[in-house]
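run.txt (compact mmCIF, C-alpha atoms) appears below.
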# COMPACT_ATOMS: atom_id res chain seq x y z
CA MET A 1 6.19 -4.13 -26.47
CA ARG A 2 4.08 -3.51 -23.37
CA ALA A 3 4.11 0.10 -22.17
CA SER A 4 4.90 0.81 -18.52
CA ARG A 5 1.92 1.83 -16.42
CA ALA A 6 3.76 3.11 -13.36
CA LEU A 7 7.04 3.43 -11.48
CA ARG A 8 7.77 2.00 -8.05
CA ILE A 9 10.23 2.86 -5.29
CA LEU A 10 11.17 0.94 -2.15
CA ALA A 11 12.12 3.70 0.26
CA GLY A 12 11.74 1.69 3.44
CA THR A 13 14.05 -1.28 2.98
CA SER A 14 16.87 0.18 5.07
CA ARG A 15 17.40 3.04 7.49
CA ALA A 16 19.74 4.68 4.99
CA GLU A 17 17.07 4.67 2.26
CA THR A 18 14.45 6.01 4.67
CA ALA A 19 16.81 8.81 5.71
CA ALA A 20 17.49 9.61 2.06
CA PHE A 21 13.76 9.73 1.38
CA ALA A 22 13.22 12.04 4.35
CA ALA A 23 16.00 14.34 3.08
CA GLY A 24 14.37 14.74 -0.32
CA GLU A 25 16.84 12.61 -2.24
CA TYR A 26 14.02 10.96 -4.19
CA ASP A 27 13.03 14.22 -5.86
CA ASN A 28 14.54 13.01 -9.13
CA VAL A 29 12.29 9.95 -9.16
CA PHE A 30 9.17 11.99 -8.49
CA ALA A 31 10.27 14.49 -11.14
CA ALA A 32 10.72 11.66 -13.65
CA ALA A 33 7.26 10.35 -12.85
CA SER A 34 5.88 13.84 -13.40
CA ASP A 35 7.73 14.28 -16.70
CA CYS A 36 6.55 10.89 -17.98
CA GLY A 37 3.00 11.23 -16.67
CA LEU A 38 3.33 7.96 -14.76
CA PRO A 39 1.86 7.09 -11.35
CA LEU A 40 4.37 6.22 -8.66
CA PHE A 41 3.97 3.34 -6.19
CA VAL A 42 5.76 4.07 -2.92
CA ALA A 43 6.69 1.45 -0.33
CA ILE A 44 7.58 3.50 2.72
CA SER A 45 7.32 0.89 5.52
CA GLY A 46 5.12 2.77 7.96
CA ASN A 47 6.69 6.20 7.45
CA ALA A 48 3.61 7.80 5.92
CA HIS A 49 4.48 11.06 7.67
CA LEU A 50 7.45 11.47 5.30
CA LEU A 51 5.30 11.66 2.18
CA PRO A 52 3.72 15.17 2.46
CA ARG A 53 7.00 16.84 1.53
CA TYR A 54 6.82 15.14 -1.87
CA LEU A 55 3.06 15.47 -2.15
CA GLU A 56 3.30 19.24 -1.77
CA LYS A 57 6.09 19.54 -4.32
CA PHE A 58 4.72 17.11 -6.95
CA ARG A 59 0.99 17.66 -6.87
CA ASP A 60 0.53 16.35 -10.44
CA VAL A 61 1.99 12.91 -9.67
CA LYS A 62 -0.42 10.15 -8.73
CA ILE A 63 1.00 8.39 -5.66
CA ILE A 64 -0.11 4.88 -4.66
CA VAL A 65 1.09 3.97 -1.16
CA ASP A 66 2.03 0.30 -0.91
CA HIS A 67 1.18 -2.16 1.84
CA CYS A 68 -1.59 -0.05 3.38
CA GLY A 69 1.03 2.55 4.32
CA MET A 70 1.54 0.65 7.57
CA PRO A 71 4.67 -0.64 9.31
CA PRO A 72 5.73 -4.02 7.90
CA SER A 73 4.54 -7.23 9.48
CA ARG A 74 7.03 -9.19 11.57
CA PRO A 75 8.05 -11.61 8.76
CA ILE A 76 8.71 -8.66 6.44
CA ARG A 77 10.70 -6.88 9.16
CA TYR A 78 12.88 -9.97 9.38
CA ALA A 79 13.43 -9.88 5.60
CA ILE A 80 14.29 -6.16 5.72
CA ALA A 81 16.82 -6.82 8.49
CA LYS A 82 18.47 -9.48 6.34
CA MET A 83 18.65 -7.11 3.37
CA GLU A 84 20.04 -4.24 5.46
CA ALA A 85 22.60 -6.61 7.02
CA LEU A 86 24.02 -4.27 9.66
CA PRO A 87 25.19 -5.55 13.05
CA ASP A 88 22.09 -4.19 14.80
CA SER A 89 19.60 -4.77 11.97
CA GLU A 90 17.76 -7.71 13.51
CA GLU A 91 17.39 -5.93 16.87
CA TYR A 92 16.27 -2.66 15.27
CA TRP A 93 13.77 -4.09 12.79
CA SER A 94 12.32 -6.61 15.23
CA LYS A 95 11.07 -3.65 17.28
CA PHE A 96 10.23 -1.33 14.38
CA GLY A 97 6.58 -0.43 14.20
CA ASP A 98 5.69 -1.83 17.60
CA VAL A 99 3.04 0.82 18.21
CA PRO A 100 -0.72 0.32 18.42
CA LEU A 101 -2.26 -0.33 15.01
CA PRO A 102 -4.79 2.54 15.31
CA GLU A 103 -1.92 4.97 15.96
CA SER A 104 -0.05 3.82 12.84
CA LEU A 105 -3.23 3.89 10.80
CA GLU A 106 -3.90 7.50 11.80
CA ARG A 107 -0.71 8.57 10.01
CA VAL A 108 -2.00 6.89 6.87
CA LEU A 109 -5.45 8.42 7.10
CA LEU A 110 -3.93 11.91 7.22
CA LEU A 111 -2.74 11.35 3.64
CA SER A 112 -6.35 11.32 2.47
CA ALA A 113 -6.19 15.15 2.49
CA TYR A 114 -4.10 14.89 -0.68
CA PRO A 115 -6.28 14.03 -3.70
CA ASN A 116 -3.32 12.58 -5.61
CA VAL A 117 -2.83 9.75 -3.08
CA ALA A 118 -4.32 6.26 -3.20
CA ILE A 119 -3.75 3.23 -0.96
CA LYS A 120 -2.82 -0.27 -2.09
CA TRP A 121 -4.39 -2.76 0.31
CA ALA A 122 -1.79 -5.54 0.45
CA HIS A 123 -0.20 -7.65 3.22
CA SER A 124 -3.29 -6.72 5.22
CA SER A 125 -3.82 -10.06 6.98
CA ALA A 126 -0.29 -9.93 8.44
CA ILE A 127 -0.15 -6.18 9.03
CA PHE A 128 -3.47 -6.07 10.87
CA GLU A 129 -2.94 -9.40 12.66
CA ALA A 130 -5.91 -11.00 10.94
CA PRO A 131 -4.66 -14.37 9.67
CA ALA A 132 -6.91 -17.02 8.15
CA TYR A 133 -9.94 -16.58 5.94
CA PRO A 134 -12.13 -14.52 6.15
CA ASN A 135 -9.66 -12.14 7.89
CA GLU A 136 -12.44 -10.46 9.85
CA ALA A 137 -10.09 -8.58 12.19
CA ALA A 138 -8.82 -6.51 9.23
CA ARG A 139 -12.30 -5.29 8.23
CA PRO A 140 -12.54 -2.28 10.60
CA PHE A 141 -9.18 -1.01 9.35
CA LEU A 142 -10.27 -1.38 5.73
CA ARG A 143 -13.49 0.46 6.52
CA SER A 144 -11.50 3.33 8.06
CA ILE A 145 -9.33 3.61 4.94
CA LEU A 146 -12.35 3.45 2.61
CA ASN A 147 -14.18 6.09 4.63
CA ALA A 148 -11.18 8.42 4.56
CA PHE A 149 -10.02 7.99 0.97
CA GLY A 150 -13.16 6.78 -0.81
CA ALA A 151 -13.33 3.47 -2.65
CA ASN A 152 -12.03 5.10 -5.83
CA ARG A 153 -8.68 5.69 -4.08
CA VAL A 154 -8.15 2.21 -2.63
CA MET A 155 -7.02 -0.86 -4.58
CA TRP A 156 -6.60 -4.51 -3.68
CA ALA A 157 -3.52 -6.67 -4.15
CA SER A 158 -3.00 -10.21 -2.94
CA ASP A 159 0.82 -10.12 -2.75
CA ILE A 160 0.41 -13.88 -2.79
CA SER A 161 4.10 -14.52 -3.54
CA THR A 162 5.11 -13.04 -0.18
CA LEU A 163 2.02 -13.84 1.88
CA SER A 164 3.14 -14.94 5.34
CA THR A 165 -0.20 -15.88 6.91
CA GLY A 166 -0.93 -18.98 4.84
CA GLU A 167 -4.13 -18.12 2.94
CA THR A 168 -4.55 -19.22 -0.66
CA TRP A 169 -4.96 -16.61 -3.37
CA ALA A 170 -8.68 -17.47 -3.54
CA GLU A 171 -9.08 -17.00 0.21
CA VAL A 172 -7.43 -13.58 0.10
CA LEU A 173 -9.70 -12.58 -2.79
CA PHE A 174 -12.92 -13.92 -1.31
CA SER A 175 -12.22 -12.31 2.04
CA VAL A 176 -13.02 -9.16 0.05
CA VAL A 177 -15.72 -10.52 -2.23
CA ASN A 178 -17.63 -11.93 0.78
CA ASN A 179 -17.00 -8.99 3.11
CA PRO A 180 -20.52 -7.89 4.15
CA ASP A 181 -19.27 -4.42 5.10
CA LEU A 182 -18.58 -3.56 1.45
CA SER A 183 -21.13 -2.29 -1.02
CA LYS A 184 -21.24 -3.46 -4.63
CA LEU A 185 -19.63 -0.16 -5.66
CA ASP A 186 -16.90 -0.59 -3.00
CA ARG A 187 -16.05 -3.99 -4.47
CA GLU A 188 -16.10 -2.69 -8.04
CA HIS A 189 -13.55 0.00 -7.26
CA PHE A 190 -11.50 -2.07 -4.85
CA LEU A 191 -11.19 -5.13 -7.11
CA GLY A 192 -10.17 -3.50 -10.34
CA ARG A 193 -11.74 -0.19 -11.22
CA SER A 194 -9.49 1.94 -8.98
CA VAL A 195 -6.24 0.49 -10.22
CA ARG A 196 -7.37 0.82 -13.82
CA ASP A 197 -8.38 4.44 -13.27
CA TRP A 198 -5.16 5.35 -11.47
CA LEU A 199 -2.96 3.61 -14.06
CA ASN A 200 -4.97 4.90 -17.03
CA TRP A 201 -5.74 1.31 -17.95
CA GLU A 202 -8.82 1.13 -20.16
CA TYR A 203 -11.70 -1.07 -19.03
CA ASP A 204 -15.32 -1.64 -19.96
CA GLY A 205 -16.77 -0.35 -16.68
CA VAL A 206 -17.93 -3.77 -15.53
CA ALA A 207 -16.64 -4.93 -12.16
CA ASP A 208 -14.03 -7.65 -12.47
CA GLU A 209 -13.94 -9.74 -9.32
CA THR A 210 -11.07 -11.94 -10.48
CA PRO A 211 -8.21 -9.40 -10.77
CA ALA A 212 -4.70 -10.31 -11.80
CA ARG A 213 -2.32 -11.58 -9.17
Since I need it in another form, could you write the structure as structure tokens?
Amino acid sequence: MRASRALRILAGTSRAETAAFAAGEYDNVFAAASDCGLPLFVAISGNAHLLPRYLEKFRDVKIIVDHCGMPPSRPIRYAIAKMEALPDSEEYWSKFGDVPLPESLERVLLLSAYPNVAIKWAHSSAIFEAPAYPNEAARPFLRSILNAFGANRVMWASDISTLSTGETWAEVLFSVVNNPDLSKLDREHFLGRSVRDWLNWEYDGVADETPAR
């Protein structure tokens, strides 16, 4: 039987869940992660400012922030509205996160002060409005995250099953592999080493540039 490597919570899929997260109602999940020694992936839909309360209380828990920590892209907002299914959901979520990208990113970068936080770079082409290979418009945002957190605290994910911008899995991967702004060490961490380190997943130390989907 395969052992679990991490837990995951979706705290941003409705206003009620976000309010519960803000009120500390996820303490039991963080406590369970602490007790089990498991990292915790957190999808918080752009509400990175709500995390420090948990980060201060559970300093021993490794936290990986999903989807770049940014507000969801428009297609994902539409999906969230359908899941929430309240009379005003479509109106509310269609406008959610309509702030300048640098302003939203700044909230994420503030989390770099906590050494137990890493960022999962996923949905980036939609989030940063950089559709189509090689997704050049997303590169400055990635550079900002790498500079703030360090490559050893950033990990790549294609999220190919929910990709809304039309790239193939190979195009999403090679937008990283062929990114001239990244060093060899950046790529090594970003494309496998970071996630293996954070999930205590043994590896041979050789960069793997064809990570699992």
Let me have the centre and edge lengths in Å, one decimal, of the box along x, y and z around every listed atom of stretch 64-76 of chain A with 3 Å of margin on each side, as lines of an AutoDock Vina configuration file.
center_x = 3.6
center_y = -3.4
center_z = 3.5
size_x = 16.3
size_y = 22.5
size_z = 22.2
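Counting from atom CA of A:Val108, the distance to atom CA of A:Ala48 is 5.8 Å.
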TODO: Measure the distance from atom CA of A:Arg153 to atom CA of A:Ile80 in Å and round it to one decimal.
DONE: 27.6 Å
Task: Nearest to A:Pro140 by atom-to-atom distance, counting only C-alpha atoms, from A:Cys36, A:Leu105, A:Ala118, A:Val154 - done: A:Leu105
Task: Nearest to A:Ser158 by atom-to-atom distance, counting only C-alpha atoms, from A:Arg139, A:Lys184, A:Arg77, A:His123 - done: A:His123
Open item on the list: Env of A:Cys68: 8 Å cut, atoms = all atoms listed in the file, seq-sep filter 4 positions within chain, self excluded. Answer as a PyMOL selection string.
Closed with: chain A and resi 108+119-124
Open item on the list: Residues proximal to (-6.3, 0.3, -10.0) were defined as those with any atom within 10 Å of that point in the file's coordinates, counting all atoms listed in the file. Which are they, as a ChimeraX atom specification?
Closed with: /A:64,118-120,152-157,189-201,211
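Neighbours of A:Ile145 closer than or equal to 8 Å, with all atoms listed in the file counted and sequence neighbours fewer than 4 positions away skipped, come out as Leu109, Phe141, Phe149, Gly150 and Val154 of chain A.
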Closest pair table for stretch 46-152 of chain A residues within 12 Å of stretch 6-27 of chain A, only C-alpha atoms, as a Markdown table:
| residue | atom | partner | partner_atom | distance |
| --- | --- | --- | --- | --- |
| A:Gly46 | CA | A:Gly12 | CA | 8.1 |
| A:Asn47 | CA | A:Gly12 | CA | 7.9 |
| A:Ala48 | CA | A:Gly12 | CA | 10.5 |
| A:His49 | CA | A:Ala22 | CA | 9.4 |
| A:Leu50 | CA | A:Ala22 | CA | 5.9 |
| A:Leu51 | CA | A:Ala22 | CA | 8.2 |
| A:Pro52 | CA | A:Ala22 | CA | 10.2 |
| A:Arg53 | CA | A:Gly24 | CA | 7.9 |
| A:Tyr54 | CA | A:Asp27 | CA | 7.4 |
| A:Leu55 | CA | A:Asp27 | CA | 10.7 |
| A:Glu56 | CA | A:Asp27 | CA | 11.7 |
| A:Lys57 | CA | A:Asp27 | CA | 8.9 |
| A:Phe58 | CA | A:Asp27 | CA | 8.9 |
| A:Val61 | CA | A:Ala6 | CA | 10.6 |
| A:Lys62 | CA | A:Ala6 | CA | 9.4 |
| A:Ile63 | CA | A:Arg8 | CA | 9.6 |
| A:Ile64 | CA | A:Arg8 | CA | 9.0 |
| A:Val65 | CA | A:Arg8 | CA | 9.8 |
| A:Asp66 | CA | A:Leu10 | CA | 9.2 |
| A:His67 | CA | A:Leu10 | CA | 11.2 |
| A:Gly69 | CA | A:Gly12 | CA | 10.8 |
| A:Met70 | CA | A:Gly12 | CA | 11.1 |
| A:Pro71 | CA | A:Gly12 | CA | 9.5 |
| A:Pro72 | CA | A:Gly12 | CA | 9.4 |
| A:Ile76 | CA | A:Thr13 | CA | 9.7 |
| A:Arg77 | CA | A:Thr13 | CA | 9.0 |
| A:Tyr78 | CA | A:Thr13 | CA | 10.9 |
| A:Ala79 | CA | A:Thr13 | CA | 9.0 |
| A:Ile80 | CA | A:Thr13 | CA | 5.6 |
| A:Ala81 | CA | A:Ser14 | CA | 7.8 |
| A:Lys82 | CA | A:Ser14 | CA | 9.9 |
| A:Met83 | CA | A:Thr13 | CA | 7.4 |
| A:Glu84 | CA | A:Ser14 | CA | 5.5 |
| A:Ala85 | CA | A:Ser14 | CA | 9.1 |
| A:Leu86 | CA | A:Ser14 | CA | 9.6 |
| A:Asp88 | CA | A:Arg15 | CA | 11.3 |
| A:Ser89 | CA | A:Ser14 | CA | 8.9 |
| A:Glu90 | CA | A:Ser14 | CA | 11.6 |
| A:Tyr92 | CA | A:Arg15 | CA | 9.7 |
| A:Trp93 | CA | A:Ser14 | CA | 9.4 |
| A:Phe96 | CA | A:Arg15 | CA | 10.9 |
- [ ] Find, counting only C-alpha atoms, the residue in A:Ser45, A:Asn116, A:Asn135, A:Asn147 that gets nearest to A:Ser104.
- [x] A:Ser45
TODO: Grab the atom CA of A:Ser175 to atom CA of A:Glu129 distance for me, in Å with one decimal place.
DONE: 14.4 Å
Task: Counting all atoms listed in the file, the option among A:Ile44, A:Ala33, A:Ala137, A:Ile127 closest to A:Val99 - done: A:Ile127
- [ ] Could you give me, as a ChimeraX atom specification, the residues within 12 Å of A:Ala132, counting only C-alpha atoms and dropping anything in the same chain fewer than 3 positions from it?
- [x] /A:124-126,128-129,135-138,163-172,174-175
Task: Nearest residue to A:Leu101 from the set A:Val177, A:Ser34, A:Ser73, A:Pro87 (distances using only C-alpha atoms) - done: A:Ser73
Open item on the list: Measuring between all atoms listed in the file, which one of A:Val29, A:Ala43, A:Val117, A:Ala151 shows the shortest distance to A:Asp60?
Closed with: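 Nearest candidate to A:Asp60 out of A:Val29, A:Ala43, A:Val117, A:Ala151: A:Val117.
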Could I get stretch 71-82 of chain A rebuilt with N, CA and C atoms, written as a PDB file, keeping the file's coordinate frame?
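Ended up saving to selection-v8.pdb:
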ATOM      1  N   PRO A  71       3.408   0.034   9.035  1.00  0.00           N
ATOM      2  CA  PRO A  71       4.670  -0.640   9.310  1.00  0.00           C
ATOM      3  C   PRO A  71       4.615  -2.090   8.832  1.00  0.00           C
ATOM      4  N   PRO A  72       5.732  -2.649   8.407  1.00  0.00           N
ATOM      5  CA  PRO A  72       5.730  -4.020   7.900  1.00  0.00           C
ATOM      6  C   PRO A  72       5.393  -5.030   8.983  1.00  0.00           C
ATOM      7  N   SER A  73       4.821  -6.137   8.554  1.00  0.00           N
ATOM      8  CA  SER A  73       4.540  -7.230   9.480  1.00  0.00           C
ATOM      9  C   SER A  73       5.862  -7.840   9.962  1.00  0.00           C
ATOM     10  N   ARG A  74       5.805  -8.646  10.995  1.00  0.00           N
ATOM     11  CA  ARG A  74       7.030  -9.190  11.570  1.00  0.00           C
ATOM     12  C   ARG A  74       7.855 -10.021  10.561  1.00  0.00           C
ATOM     13  N   PRO A  75       7.233 -10.879   9.746  1.00  0.00           N
ATOM     14  CA  PRO A  75       8.050 -11.610   8.760  1.00  0.00           C
ATOM     15  C   PRO A  75       8.749 -10.684   7.774  1.00  0.00           C
ATOM     16  N   ILE A  76       8.087  -9.600   7.377  1.00  0.00           N
ATOM     17  CA  ILE A  76       8.710  -8.660   6.440  1.00  0.00           C
ATOM     18  C   ILE A  76       9.817  -7.872   7.138  1.00  0.00           C
ATOM     19  N   ARG A  77       9.630  -7.559   8.419  1.00  0.00           N
ATOM     20  CA  ARG A  77      10.700  -6.880   9.160  1.00  0.00           C
ATOM     21  C   ARG A  77      11.956  -7.755   9.187  1.00  0.00           C
ATOM     22  N   TYR A  78      11.744  -9.039   9.360  1.00  0.00           N
ATOM     23  CA  TYR A  78      12.880  -9.970   9.380  1.00  0.00           C
ATOM     24  C   TYR A  78      13.602  -9.949   8.036  1.00  0.00           C
ATOM     25  N   ALA A  79      12.836  -9.929   6.941  1.00  0.00           N
ATOM     26  CA  ALA A  79      13.430  -9.880   5.600  1.00  0.00           C
ATOM     27  C   ALA A  79      14.190  -8.572   5.382  1.00  0.00           C
ATOM     28  N   ILE A  80      13.617  -7.460   5.856  1.00  0.00           N
ATOM     29  CA  ILE A  80      14.290  -6.160   5.720  1.00  0.00           C
ATOM     30  C   ILE A  80      15.612  -6.173   6.487  1.00  0.00           C
ATOM     31  N   ALA A  81      15.592  -6.744   7.689  1.00  0.00           N
ATOM     32  CA  ALA A  81      16.820  -6.820   8.490  1.00  0.00           C
ATOM     33  C   ALA A  81      17.899  -7.609   7.757  1.00  0.00           C
ATOM     34  N   LYS A  82      17.504  -8.687   7.089  1.00  0.00           N
ATOM     35  CA  LYS A  82      18.470  -9.480   6.340  1.00  0.00           C
ATOM     36  C   LYS A  82      19.034  -8.698   5.161  1.00  0.00           C
TER      37      LYS A  82
END
